[in-house]
Structures are given as C-alpha cells and as structure tokens.
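Novice: File protein-v6.cif follows (mmCIF, C-alpha atoms):
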```
data_final
#
loop_
_atom_site.label_atom_id
_atom_site.label_comp_id
_atom_site.auth_asym_id
_atom_site.auth_seq_id
_atom_site.Cartn_x
_atom_site.Cartn_y
_atom_site.Cartn_z
CA MET M 1 -28.77 -31.37 11.03
CA SER M 2 -29.59 -35.03 11.12
CA GLU M 3 -33.27 -35.87 11.07
CA ASN M 4 -33.03 -39.61 11.64
CA LEU M 5 -36.54 -39.98 10.48
CA ASP M 6 -38.42 -43.17 9.89
CA LEU M 7 -39.57 -41.91 6.54
CA ILE M 8 -36.06 -41.81 5.18
CA SER M 9 -35.07 -45.31 6.15
CA ARG M 10 -38.41 -46.77 5.07
CA LEU M 11 -38.30 -44.86 1.80
CA ILE M 12 -34.83 -46.14 1.06
CA VAL M 13 -35.84 -49.72 1.81
CA SER M 14 -39.02 -49.51 -0.23
CA LEU M 15 -37.42 -47.93 -3.27
CA GLY M 16 -34.51 -50.32 -3.07
CA ASP M 17 -32.80 -50.62 -6.43
CA GLU M 18 -34.64 -47.68 -7.88
CA ILE M 19 -32.63 -45.19 -5.88
CA GLU M 20 -29.33 -44.23 -7.38
CA SER M 21 -26.43 -42.88 -5.47
CA GLN M 22 -24.04 -40.37 -6.89
CA VAL M 23 -20.55 -39.38 -5.81
CA TYR M 24 -19.51 -35.72 -5.83
CA ALA M 25 -15.88 -34.60 -5.67
CA LYS M 26 -14.90 -31.81 -3.29
CA GLY M 27 -16.23 -28.52 -4.66
CA GLU M 28 -18.52 -30.16 -7.18
CA PHE M 29 -22.01 -28.66 -7.42
CA VAL M 30 -25.15 -30.64 -6.63
CA ILE M 31 -27.22 -27.70 -7.86
CA ARG M 32 -26.48 -24.15 -8.95
CA GLU M 33 -28.51 -20.98 -8.74
CA GLY M 34 -31.06 -20.81 -11.55
CA GLU M 35 -31.40 -24.57 -12.02
CA VAL M 36 -34.58 -26.35 -10.95
CA GLU M 37 -34.29 -28.86 -8.10
CA ARG M 38 -35.85 -32.14 -9.24
CA ASN M 39 -34.47 -34.33 -6.45
CA PHE M 40 -34.18 -34.68 -2.78
CA TYR M 41 -30.95 -36.09 -1.37
CA VAL M 42 -29.97 -38.25 1.55
CA ILE M 43 -26.31 -38.01 2.50
CA GLU M 44 -24.66 -41.41 2.72
CA SER M 45 -21.22 -40.04 3.48
CA GLY M 46 -19.40 -36.72 3.30
CA ALA M 47 -20.80 -33.24 3.81
CA VAL M 48 -22.41 -30.50 1.74
CA ARG M 49 -23.15 -26.84 2.21
CA VAL M 50 -26.07 -24.83 0.90
CA PHE M 51 -25.09 -21.25 0.15
CA TYR M 52 -26.53 -18.04 -1.23
CA LEU M 53 -24.27 -15.96 -3.45
CA THR M 54 -24.33 -12.19 -2.85
CA GLU M 55 -22.29 -9.51 -4.62
CA HIS M 56 -19.69 -9.92 -1.90
CA GLU M 57 -19.59 -13.48 -0.62
CA GLU M 58 -20.90 -17.00 -0.51
CA GLN M 59 -23.24 -16.91 2.49
CA VAL M 60 -23.72 -20.40 3.97
CA VAL M 61 -27.32 -21.05 5.03
CA ARG M 62 -27.26 -24.74 5.86
CA PHE M 63 -25.05 -27.81 6.17
CA GLY M 64 -25.76 -31.43 5.54
CA TYR M 65 -23.76 -34.41 6.71
CA GLN M 66 -24.17 -38.17 7.03
CA GLY M 67 -27.86 -39.02 7.50
CA SER M 68 -29.16 -35.53 6.64
CA VAL M 69 -31.74 -34.89 4.00
CA ILE M 70 -30.98 -31.94 1.80
CA ALA M 71 -32.37 -30.14 -1.24
CA SER M 72 -32.75 -26.63 -2.50
CA LEU M 73 -36.12 -26.68 -0.80
CA SER M 74 -38.26 -23.92 -2.30
CA SER M 75 -37.09 -24.92 -5.76
CA PHE M 76 -37.94 -28.55 -4.98
CA PHE M 77 -41.44 -27.65 -3.74
CA ASN M 78 -42.35 -25.09 -6.40
CA GLU M 79 -40.24 -26.20 -9.36
CA SER M 80 -38.93 -22.65 -9.55
CA PRO M 81 -35.28 -21.70 -10.27
CA SER M 82 -33.09 -22.41 -7.25
CA GLU M 83 -31.93 -19.40 -5.27
CA PHE M 84 -29.16 -21.46 -3.71
CA TYR M 85 -26.07 -23.41 -4.61
CA ILE M 86 -25.29 -26.75 -3.01
CA ASP M 87 -21.75 -28.11 -3.23
CA ALA M 88 -19.71 -30.90 -1.69
CA ILE M 89 -17.39 -29.80 1.13
CA ARG M 90 -15.41 -33.01 0.66
CA LYS M 91 -15.96 -36.18 -1.33
CA THR M 92 -19.65 -36.92 -0.79
CA LYS M 93 -21.99 -39.76 -1.67
CA LEU M 94 -25.67 -38.85 -2.05
CA LEU M 95 -28.74 -40.99 -2.50
CA VAL M 96 -30.73 -39.22 -5.17
CA VAL M 97 -34.51 -39.44 -4.68
CA PRO M 98 -36.45 -37.92 -7.61
CA LYS M 99 -39.45 -35.83 -6.60
CA SER M 100 -41.86 -38.08 -8.52
CA TYR M 101 -40.66 -41.15 -6.53
CA LEU M 102 -41.09 -39.35 -3.25
CA LEU M 103 -44.59 -38.10 -4.05
CA GLU M 104 -45.71 -41.52 -5.22
CA TYR M 105 -44.37 -43.12 -2.07
CA VAL M 106 -46.07 -40.54 0.13
CA SER M 107 -49.45 -41.09 -1.53
CA GLN M 108 -49.33 -44.89 -1.06
CA CYS M 109 -50.68 -45.02 2.48
CA ALA M 110 -51.52 -42.99 5.56
CA THR M 111 -48.33 -43.98 7.39
CA ASN M 112 -46.14 -42.66 4.61
CA LEU M 113 -48.12 -39.45 4.48
CA HIS M 114 -47.81 -39.08 8.24
CA ASP M 115 -44.03 -39.61 8.01
CA TYR M 116 -43.77 -37.00 5.27
CA ASN M 117 -45.74 -34.50 7.33
CA ARG M 118 -43.44 -35.16 10.25
CA LEU M 119 -40.41 -34.56 8.02
CA LEU M 120 -41.88 -31.24 6.87
CA GLU M 121 -42.52 -30.26 10.50
CA VAL M 122 -38.90 -30.93 11.34
CA LEU M 123 -37.71 -28.89 8.36
CA ILE M 124 -39.96 -25.96 9.29
CA THR M 125 -38.76 -26.08 12.89
CA GLN M 126 -35.16 -25.99 11.68
CA GLN M 127 -35.91 -22.97 9.52
CA ILE M 128 -37.42 -21.17 12.53
CA ASP M 129 -34.38 -22.04 14.64
CA ARG M 130 -32.21 -20.59 11.92
CA GLU M 131 -34.30 -17.43 11.77
CA ILE M 132 -33.86 -16.95 15.52
CA ASP M 133 -30.08 -17.55 15.14
CA LEU M 134 -29.90 -14.57 12.82
CA LEU M 135 -31.77 -12.32 15.25
CA ILE M 136 -29.32 -12.93 18.07
CA SER M 137 -26.67 -10.24 18.19
CA SER M 138 -24.14 -11.92 20.50
CA PRO M 139 -21.71 -14.08 18.47
CA THR M 140 -21.10 -16.29 21.51
CA GLU M 141 -24.81 -17.01 21.97
CA ARG M 142 -25.19 -17.67 18.26
CA LEU M 143 -22.45 -20.29 18.41
CA LYS M 144 -23.91 -21.90 21.56
CA ARG M 145 -27.32 -22.34 19.96
CA VAL M 146 -25.87 -23.99 16.90
CA LEU M 147 -23.68 -26.31 18.95
CA ARG M 148 -26.71 -27.38 20.99
CA ARG M 149 -28.39 -28.47 17.75
CA SER M 150 -25.27 -29.93 16.14
CA PRO M 151 -22.67 -30.84 18.78
CA HIS M 152 -20.29 -32.40 16.24
CA LEU M 153 -20.31 -29.49 13.84
CA PHE M 154 -16.58 -28.75 14.14
CA GLN M 155 -15.63 -32.36 13.43
CA GLN M 156 -17.61 -32.29 10.20
CA ILE M 157 -17.28 -28.83 8.71
CA PRO M 158 -14.27 -26.54 8.11
CA LEU M 159 -14.18 -23.50 10.38
CA LYS M 160 -14.43 -20.94 7.57
CA TYR M 161 -17.81 -22.34 6.51
CA ILE M 162 -19.10 -22.44 10.08
CA ALA M 163 -18.05 -18.80 10.43
CA SER M 164 -20.00 -17.89 7.30
CA TYR M 165 -23.04 -19.81 8.61
CA LEU M 166 -22.83 -17.87 11.86
CA ARG M 167 -22.30 -14.59 10.00
CA MET M 168 -18.97 -13.80 11.61
CA THR M 169 -15.37 -13.72 10.45
CA PRO M 170 -13.24 -16.88 10.89
CA GLU M 171 -11.05 -14.80 13.26
CA THR M 172 -13.98 -13.97 15.54
CA LEU M 173 -15.10 -17.59 15.57
CA SER M 174 -11.61 -18.85 16.56
CA ARG M 175 -11.44 -16.27 19.32
CA ILE M 176 -14.81 -17.30 20.75
CA ARG M 177 -13.96 -20.97 20.58
CA ASN M 178 -10.69 -20.49 22.40
CA SER M 179 -12.17 -18.44 25.20
CA MET U 1 -13.73 18.13 -18.76
CA HIS U 2 -17.45 18.85 -19.10
CA PHE U 3 -20.16 16.31 -19.73
CA THR U 4 -23.92 16.26 -19.54
CA THR U 5 -25.12 13.96 -16.76
CA LYS U 6 -27.38 12.14 -19.18
CA ASP U 7 -24.64 11.43 -21.74
CA ILE U 8 -21.98 10.29 -19.32
CA ILE U 9 -24.37 7.94 -17.49
CA ALA U 10 -25.64 6.52 -20.81
CA GLU U 11 -22.04 5.87 -21.88
CA LEU U 12 -21.17 4.19 -18.57
CA ILE U 13 -24.25 1.96 -18.74
CA ARG U 14 -23.37 0.99 -22.32
CA ASN U 15 -19.80 0.09 -21.35
CA THR U 16 -20.96 -1.81 -18.27
CA GLU U 17 -23.34 -3.88 -20.36
CA MET U 18 -20.57 -4.68 -22.80
CA SER U 19 -18.36 -5.98 -19.99
CA THR U 20 -21.29 -8.02 -18.65
CA ARG U 21 -21.83 -9.65 -22.04
CA THR U 22 -18.16 -10.56 -22.35
CA VAL U 23 -18.03 -12.14 -18.90
CA CYS U 24 -21.33 -13.97 -19.49
CA ALA U 25 -19.64 -15.65 -22.46
CA PHE U 26 -16.76 -16.74 -20.15
CA LYS U 27 -19.25 -19.03 -18.38
CA ALA U 28 -19.03 -21.43 -21.31
CA LEU U 29 -15.24 -21.87 -20.85
CA SER U 30 -13.71 -24.96 -19.26
CA PRO U 31 -11.99 -24.76 -15.84
CA ALA U 32 -8.66 -25.19 -17.65
CA GLN U 33 -9.33 -22.17 -19.87
CA LEU U 34 -10.56 -20.11 -16.93
CA ASN U 35 -7.37 -20.81 -14.97
CA PHE U 36 -4.96 -20.56 -17.91
CA ARG U 37 -2.11 -18.04 -17.53
CA LYS U 38 -0.47 -16.85 -20.71
CA THR U 39 2.79 -16.18 -18.87
CA ASP U 40 3.86 -16.92 -15.31
CA SER U 41 3.43 -13.34 -14.24
CA SER U 42 0.09 -12.66 -15.95
CA TRP U 43 -3.38 -13.28 -14.56
CA SER U 44 -5.85 -15.95 -15.62
CA VAL U 45 -9.45 -15.08 -16.55
CA LEU U 46 -10.61 -15.95 -13.03
CA GLU U 47 -7.85 -13.89 -11.42
CA CYS U 48 -8.79 -10.83 -13.50
CA ILE U 49 -12.44 -11.18 -12.58
CA GLU U 50 -11.78 -11.83 -8.89
CA HIS U 51 -9.60 -8.71 -8.84
CA LEU U 52 -12.66 -6.79 -10.05
CA ASN U 53 -14.82 -8.46 -7.40
CA LEU U 54 -12.44 -7.24 -4.70
CA TYR U 55 -12.79 -3.69 -6.04
CA GLY U 56 -16.56 -4.11 -6.13
CA ASP U 57 -16.54 -5.16 -2.49
CA PHE U 58 -15.16 -1.72 -1.70
CA TYR U 59 -16.77 0.53 -4.31
CA LEU U 60 -20.34 -0.73 -4.61
CA PRO U 61 -21.29 -0.23 -0.92
CA GLU U 62 -19.26 3.01 -0.82
CA ILE U 63 -21.06 4.46 -3.87
CA GLU U 64 -24.48 3.32 -2.68
CA LEU U 65 -24.08 4.67 0.87
CA LYS U 66 -22.69 8.03 -0.29
CA MET U 67 -25.52 8.39 -2.79
CA ILE U 68 -28.07 7.78 -0.04
CA ALA U 69 -26.33 10.12 2.42
CA GLN U 70 -26.07 12.95 -0.13
CA ARG U 71 -29.38 12.57 -1.93
CA ASP U 72 -30.47 16.08 -0.88
CA VAL U 73 -27.69 17.71 -2.93
CA PRO U 74 -29.60 19.51 -5.73
CA PHE U 75 -29.48 17.82 -9.13
CA SER U 76 -27.42 19.30 -11.94
CA PRO U 77 -27.78 18.34 -15.62
CA LYS U 78 -24.05 19.05 -16.08
CA PHE U 79 -21.03 17.22 -14.75
CA LYS U 80 -17.61 18.81 -14.47
CA SER U 81 -14.81 16.28 -13.99
CA GLY U 82 -12.15 17.08 -11.35
CA VAL U 83 -8.44 17.20 -12.21
CA LEU U 84 -7.52 14.19 -10.10
CA GLY U 85 -10.70 12.25 -10.92
CA ASN U 86 -10.18 12.79 -14.62
CA TYR U 87 -6.57 11.63 -14.28
CA PHE U 88 -7.57 8.39 -12.52
CA ALA U 89 -10.40 7.66 -14.94
CA ASN U 90 -8.13 8.15 -17.96
CA LEU U 91 -5.26 6.24 -16.39
CA MET U 92 -7.40 3.11 -16.69
CA LYS U 93 -7.96 3.71 -20.40
CA GLY U 94 -4.38 3.92 -21.63
CA LYS U 95 -3.27 6.17 -24.50
CA ASP U 96 -3.62 5.56 -28.24
CA GLY U 97 -4.74 2.00 -27.67
CA LYS U 98 -1.66 1.31 -25.55
CA ILE U 99 -2.23 0.17 -22.00
CA THR U 100 0.26 1.10 -19.32
CA LYS U 101 1.09 -1.82 -17.05
CA MET U 102 0.47 -1.21 -13.39
CA ASN U 103 0.91 -3.15 -10.19
CA SER U 104 -2.21 -3.73 -8.19
CA PRO U 105 -2.30 -2.93 -4.47
CA LYS U 106 -1.59 -6.09 -2.45
CA ASP U 107 -5.05 -6.32 -0.92
CA LYS U 108 -6.56 -6.40 -4.40
CA VAL U 109 -4.44 -9.28 -5.67
CA PRO U 110 -6.72 -12.35 -5.85
CA ASP U 111 -5.99 -15.28 -3.56
CA PRO U 112 -5.81 -18.32 -5.90
CA SER U 113 -7.49 -20.56 -3.31
CA THR U 114 -10.73 -18.53 -3.50
CA LEU U 115 -11.13 -18.81 -7.26
CA SER U 116 -14.03 -20.92 -8.44
CA THR U 117 -16.77 -20.84 -10.99
CA THR U 118 -18.87 -18.72 -8.61
CA THR U 119 -16.26 -15.99 -9.20
CA LEU U 120 -17.99 -15.23 -12.52
CA ASP U 121 -21.49 -15.41 -11.01
CA ARG U 122 -20.44 -13.06 -8.23
CA PHE U 123 -19.08 -10.58 -10.78
CA LEU U 124 -22.34 -10.69 -12.75
CA LYS U 125 -24.30 -9.91 -9.57
CA GLN U 126 -22.03 -6.94 -8.94
CA GLN U 127 -22.66 -5.74 -12.51
CA GLU U 128 -26.42 -5.86 -11.96
CA LEU U 129 -26.04 -3.75 -8.85
CA LEU U 130 -23.73 -1.35 -10.70
CA VAL U 131 -26.27 -0.79 -13.50
CA SER U 132 -28.96 -0.09 -10.93
CA LEU U 133 -26.67 2.43 -9.18
CA LEU U 134 -25.88 4.08 -12.54
CA TYR U 135 -29.60 4.56 -13.23
CA GLN U 136 -30.00 6.14 -9.79
CA ALA U 137 -26.98 8.36 -10.39
CA GLU U 138 -28.68 9.80 -13.47
CA SER U 139 -30.84 11.97 -11.21
CA MET U 140 -28.01 13.01 -8.91
CA ASN U 141 -25.43 15.75 -8.86
CA LEU U 142 -22.34 13.97 -10.18
CA THR U 143 -20.08 16.93 -9.39
CA LYS U 144 -21.08 17.80 -5.82
CA VAL U 145 -21.74 14.32 -4.44
CA LYS U 146 -18.42 12.91 -3.21
CA THR U 147 -17.16 9.39 -2.55
CA ALA U 148 -14.03 7.95 -0.98
CA ILE U 149 -11.56 5.92 -3.04
CA SER U 150 -9.74 2.72 -2.18
CA LEU U 151 -6.23 4.07 -2.81
CA SER U 152 -6.10 6.77 -0.17
CA LYS U 153 -8.15 7.76 2.84
CA TRP U 154 -7.40 11.43 2.24
CA ILE U 155 -8.86 11.78 -1.21
CA ASN U 156 -12.52 12.17 -2.13
CA LEU U 157 -13.61 12.07 -5.75
CA ARG U 158 -16.69 13.47 -7.45
CA LEU U 159 -19.33 10.77 -7.88
CA GLY U 160 -19.12 11.12 -11.68
CA ASP U 161 -15.36 10.55 -11.61
CA THR U 162 -15.62 7.59 -9.24
CA LEU U 163 -18.16 5.98 -11.57
CA ARG U 164 -15.96 6.67 -14.62
CA PHE U 165 -12.89 5.29 -12.87
CA TYR U 166 -14.76 2.21 -11.66
CA VAL U 167 -16.38 1.39 -15.02
CA ASN U 168 -13.10 1.99 -16.92
CA HIS U 169 -11.24 -0.21 -14.45
CA ILE U 170 -13.72 -3.04 -15.14
CA GLU U 171 -13.33 -2.57 -18.90
CA ARG U 172 -9.56 -2.69 -18.55
CA HIS U 173 -9.46 -6.00 -16.71
CA VAL U 174 -12.20 -7.66 -18.75
CA ALA U 175 -10.06 -6.86 -21.81
CA GLN U 176 -7.02 -8.31 -19.98
CA ALA U 177 -9.02 -11.49 -19.22
CA LYS U 178 -10.00 -11.74 -22.87
CA ARG U 179 -6.38 -11.57 -24.02
CA ASN U 180 -5.78 -14.92 -22.29
CA LEU U 181 -8.04 -16.54 -24.83
CA GLU U 182 -6.28 -15.16 -27.90
CA SER U 183 -3.62 -17.36 -29.37
#
```
If you took the structure in this file and wrote it as structure tokens, what would it be?

Specialist:
Amino acid sequence: MSENLDLISRLIVSLGDEIESQVYAKGEFVIREGEVERNFYVIESGAVRVFYLTEHEEQVVRFGYQGSVIASLSSFFNESPSEFYIDAIRKTKLLVVPKSYLLEYVSQCATNLHDYNRLLEVLITQQIDREIDLLISSPTERLKRVLRRSPHLFQQIPLKYIASYLRMTPETLSRIRNS
Amino acid sequence: MHFTTKDIIAELIRNTEMSTRTVCAFKALSPAQLNFRKTDSSWSVLECIEHLNLYGDFYLPEIELKMIAQRDVPFSPKFKSGVLGNYFANLMKGKDGKITKMNSPKDKVPDPSTLSTTTLDRFLKQQELLVSLLYQAESMNLTKVKTAISLSKWINLRLGDTLRFYVNHIERHVAQAKRNLES
C-alpha cells in the first residue's frame, strides 16, 4: 500500500534533521490498543501490520511496507485511544513524524495543504477498497483484488498474515494460490 | 444440587471478576516472567492463559448461540444441577484444597509460537464477553437451556452447569499461572 506521494518526500526533506527514525525488532509494538497515536510513520525498511484484537484472533486490517505511510488513523486524527495494534513483521525502520510537525508543515502554504488533502483522498480510497474487499464472498476474487493493488504482497508479508487480512484460513489461501 | 438462579450467577460473576483482576496484574510482568516454567513439564503464565483462550474460542460462541436459540424457554428462578454437569464443574475445583492433575486434550495445548503479550489482552476481552453472557443468563432457564461441550459431541450440559464448569476451569488455570510466580 505504497502511496508514493509528493507530500511525503517533500515533508521529509523539509523537516530534515528534525525527523527521527526508530528501529523496531520483529514483534515489537509501534502502538497498542488503548494508547493514543501521536505520530505518523513512514516506513524506511521492513514491514508492519495493523491488527484488531478480538476475543478469538488478531484480525489484520492493513499492511505497511517500504514507502508506505502508516498510523493508527482514527486515534491520530481524534487523539482518542487506539482501537488497533501496530507491530513489526520483521526488523523495521520507521521515520517518526509527530502530529504537531505534520500540522505545522501543512499550514505553511497552499501546496502543502493540497498535498495533504491528496494524501487523505488516497487513504479514504484505500479504506473504501478495503470495505469492498470484505463484501466479496468469493475468496479467489478477494485475493485477486488485493493482488491488483499490491502485486508484491507475497514477497513482503508472511502468508498467515495475508490470510488473516483476507479473512480466510492459511490453508484456503495456499489452495487458491496453487490453483 | 439446587441453586437459585440469582445466587449462582452472582457467584460466577464474582469469581470471573476475581480471575480478571489477577490476569490484569500479570500485564505488569516482564516477558521472562510470563514465559517462565517452574519445571520442564509445567506451563508458563502465558501457556496457562492461552489454554483458557482456546477453551473460550469454543465455549463463548457456543454459549452465546445456544442462549439466543433457546431464549423462548420459560425462565425459572431455580437451577437444578445435572449429575454429569455437577461432576465436571466440581472436577475443576479439586477436593479439600487439593487439585487433581489432569492432561489437557491435545487441541487445547497451547502452541508456544503463538504466545505473545496479546495473549493476556485476548483473555481479558473474553472475560468481558463472559461477564456480559452471565448477566444475560440471569434471566434464562439454567436447567432447561442446553449447550454442547468440547469433550464429547454426544453430551449436552445444562446451561448452568456449562457456566459453572467454564468459570471453575478459568479459576483453576489462573491459580496454576499464579503458582509460577511463587518462589
């Protein structure tokens, strides 16, 4: 789910030394349920998953890999407790952009504001795509849609997490892939 | 054994909340403490709790669905425990403070690779759901509503007995988890 947006690269350049990067070991949490998301992250290397914990499982809702922007979004926007966990799938380096930095940057000029709006549009579109994914009953079609958006998914993310994202068992996913 | 519906549900809610408090306190432990095994053959704190999660994966949806399906069974303020149900519920308790060791069914033995700190969070979510089911059960017929059990396809237990068994089973393994922390 790479956005490749101008905003990100320009933001990184303009903030320069002020942005810190942080390394997370495999399995380490970027944020846990109940904590408030104060940052927005750009993935330099590695991969993360965003998941929702139910009584029965960790349900993956989103992935991030090199170049993606990621955050527990509603918590970031509203400063409310996060409903989601984000953890590192493997060793991952994140650029940490505090919310205050981002908002200041966005309010500097019309171009920055325009970029930010564009970023939000992309994020909303992705959420809608995801909503449609979940309405599709055929597991094969669900997989096809996701691969159209993220062709390199299987190179980046372990199968068991992709299966959880697609709401199917790892066995079903292997069977579909091999057919 | 005879109970009033109100008393037995109140007792089960009390015991459930006690287990919840104990496990909440486990969240302050270090990963090393959470994974510590007193002996090679015993279970760590996380293994005990994940074992309970696996039971919850079976029992919570089973109890909820059977309660919905049988909600038209007329309420009774009394609950009469069945012979088998009473046996299972008491089996979990042990006698005179002595706990009988038992082997768990293979599918309920935790897979060490799935243990993580979300194991505790997942358990606490299950406990919340359990308390909400217990409150709903207070207005149900605990004797006539029946649920399946995980041990055998051929046995149905009275809702009251299933709840007693399930809550006692949680108490048993939370106590087992706690023993890991005693020196």

Novice: Find the residues around Ala32 of chain U up to 12 Å (all atoms listed in the file counted), leave out those fewer than 2 positions away in its own chain, and share them as a PyMOL selection string.

Specialist: chain U and resi 26+28-30+34-37+44-46+116-117+180-181

Novice: Once you count all atoms listed in the file, which residues of chain M turn out to be within 10 Å of chain U? Could you give them as JSON, numbers by chain?

Specialist: {"M": [27, 32, 33, 53, 54, 55, 56, 57, 58, 85]}

Novice: Given the PyMOL selection byres ((chain M and resi 74-82) around 6) and the file above, list the residues it selects as JSON, numbers by chain.

Specialist: {"M": [33, 34, 35, 36, 37, 38, 72, 73, 83, 84]}

Novice: Would you kindly return, as a PyMOL selection string, each protein, DNA or RNA residue with an atom no farther than 9 Å from any atom of Tyr116 of chain M, considering all atoms listed in the file and excluding same-chain residues fewer than 5 positions away?

Specialist: chain M and resi 7+106+111+121

Novice: Atom CA of Arg149 of chain M and atom CA of Ile176 of chain M, how far apart in Å?

Specialist: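 One can read the atom CA of Ile176 of chain M to atom CA of Arg149 of chain M distance as 17.8 Å.
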
Novice: Which residues are close to segment 69-72 of chain U, i.e. within 8 Å by only C-alpha atoms, leaving aside same-chain residues fewer than 2 positions away? Reply as an mmCIF file with C-alpha atoms, keeping the file's coordinate frame.

Specialist:
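New file selection13.cif:
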```
data_model
loop_
_atom_site.group_PDB
_atom_site.id
_atom_site.type_symbol
_atom_site.label_atom_id
_atom_site.label_comp_id
_atom_site.auth_asym_id
_atom_site.auth_seq_id
_atom_site.Cartn_x
_atom_site.Cartn_y
_atom_site.Cartn_z
ATOM 1 C CA LEU U 65 -24.080 4.670 0.870
ATOM 2 C CA LYS U 66 -22.690 8.030 -0.290
ATOM 3 C CA MET U 67 -25.520 8.390 -2.790
ATOM 4 C CA PRO U 74 -29.600 19.510 -5.730
ATOM 5 C CA MET U 140 -28.010 13.010 -8.910
ATOM 6 C CA VAL U 145 -21.740 14.320 -4.440
#
```

Novice: Leaving out Ser152 of chain U and any residue of its chain fewer than 5 positions from it, which residues lie within 12 Å of it when counting all atoms listed in the file, given as a PyMOL selection string?

Specialist: chain U and resi 105+147+157

Novice: Which value, in Å to one decimal, gives the distance between atom CA of Arg179 of chain U and atom CA of Lys38 of chain U?

Specialist: 8.6 Å

Novice: Starting from the displayed file, determine the output of the PyMOL selection byres ((chain U and resi 166) around 10) and express the residue list as a ChimeraX atom specification.

Specialist: /U:12,16,52,55-56,59-60,88-89,92,130,149,160-165,167-172

Novice: Which is closest to Tyr24 of chain M among M:Arg167, M:Lys91, M:Arg177, M:Arg62, if we use all atoms listed in the file?

Specialist: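 Closest to Tyr24 of chain M of all the choices is M:Lys91.
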
Novice: Env of segment 17-22 of chain M: 10 Å cut, atoms = all atoms listed in the file, seq-sep filter 2 positions within chain, self excluded. Answer as a PyMOL selection string.

Specialist: chain M and resi 11-15+24+30+41-44+92-98+101

Novice: Those residues with C-alpha atoms, as an mmCIF file, in the frame of the given file please?

Specialist:
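So out_12.cif came out as:
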```
data_model
loop_
_atom_site.group_PDB
_atom_site.id
_atom_site.type_symbol
_atom_site.label_atom_id
_atom_site.label_comp_id
_atom_site.auth_asym_id
_atom_site.auth_seq_id
_atom_site.Cartn_x
_atom_site.Cartn_y
_atom_site.Cartn_z
ATOM 1 C CA LEU M 11 -38.300 -44.860 1.800
ATOM 2 C CA ILE M 12 -34.830 -46.140 1.060
ATOM 3 C CA VAL M 13 -35.840 -49.720 1.810
ATOM 4 C CA SER M 14 -39.020 -49.510 -0.230
ATOM 5 C CA LEU M 15 -37.420 -47.930 -3.270
ATOM 6 C CA TYR M 24 -19.510 -35.720 -5.830
ATOM 7 C CA VAL M 30 -25.150 -30.640 -6.630
ATOM 8 C CA TYR M 41 -30.950 -36.090 -1.370
ATOM 9 C CA VAL M 42 -29.970 -38.250 1.550
ATOM 10 C CA ILE M 43 -26.310 -38.010 2.500
ATOM 11 C CA GLU M 44 -24.660 -41.410 2.720
ATOM 12 C CA THR M 92 -19.650 -36.920 -0.790
ATOM 13 C CA LYS M 93 -21.990 -39.760 -1.670
ATOM 14 C CA LEU M 94 -25.670 -38.850 -2.050
ATOM 15 C CA LEU M 95 -28.740 -40.990 -2.500
ATOM 16 C CA VAL M 96 -30.730 -39.220 -5.170
ATOM 17 C CA VAL M 97 -34.510 -39.440 -4.680
ATOM 18 C CA PRO M 98 -36.450 -37.920 -7.610
ATOM 19 C CA TYR M 101 -40.660 -41.150 -6.530
#
```

Novice: Identify all residues satisfying the PyMOL selection byres ((chain M and resi 165) around 10) in the given file; provide them as a ChimeraX atom specification.

Specialist: /M:49-51,58-63,130,133-134,143,146,159-164,166-169

Novice: One number please: atom CA of Val69 of chain M to atom CA of Leu103 of chain M, in Å, one decimal.

Specialist: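 For atom CA of Val69 of chain M relative to atom CA of Leu103 of chain M, the distance reads 15.5 Å.
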
Novice: Select, counting all atoms listed in the file, all protein, DNA and RNA residues no farther than 6 Å from (-5.5, -10.4, -7.2) in file coordinates, and express the selection as a list in words.

Specialist: Glu47, His51, Lys108, Val109 and Pro110 of chain U
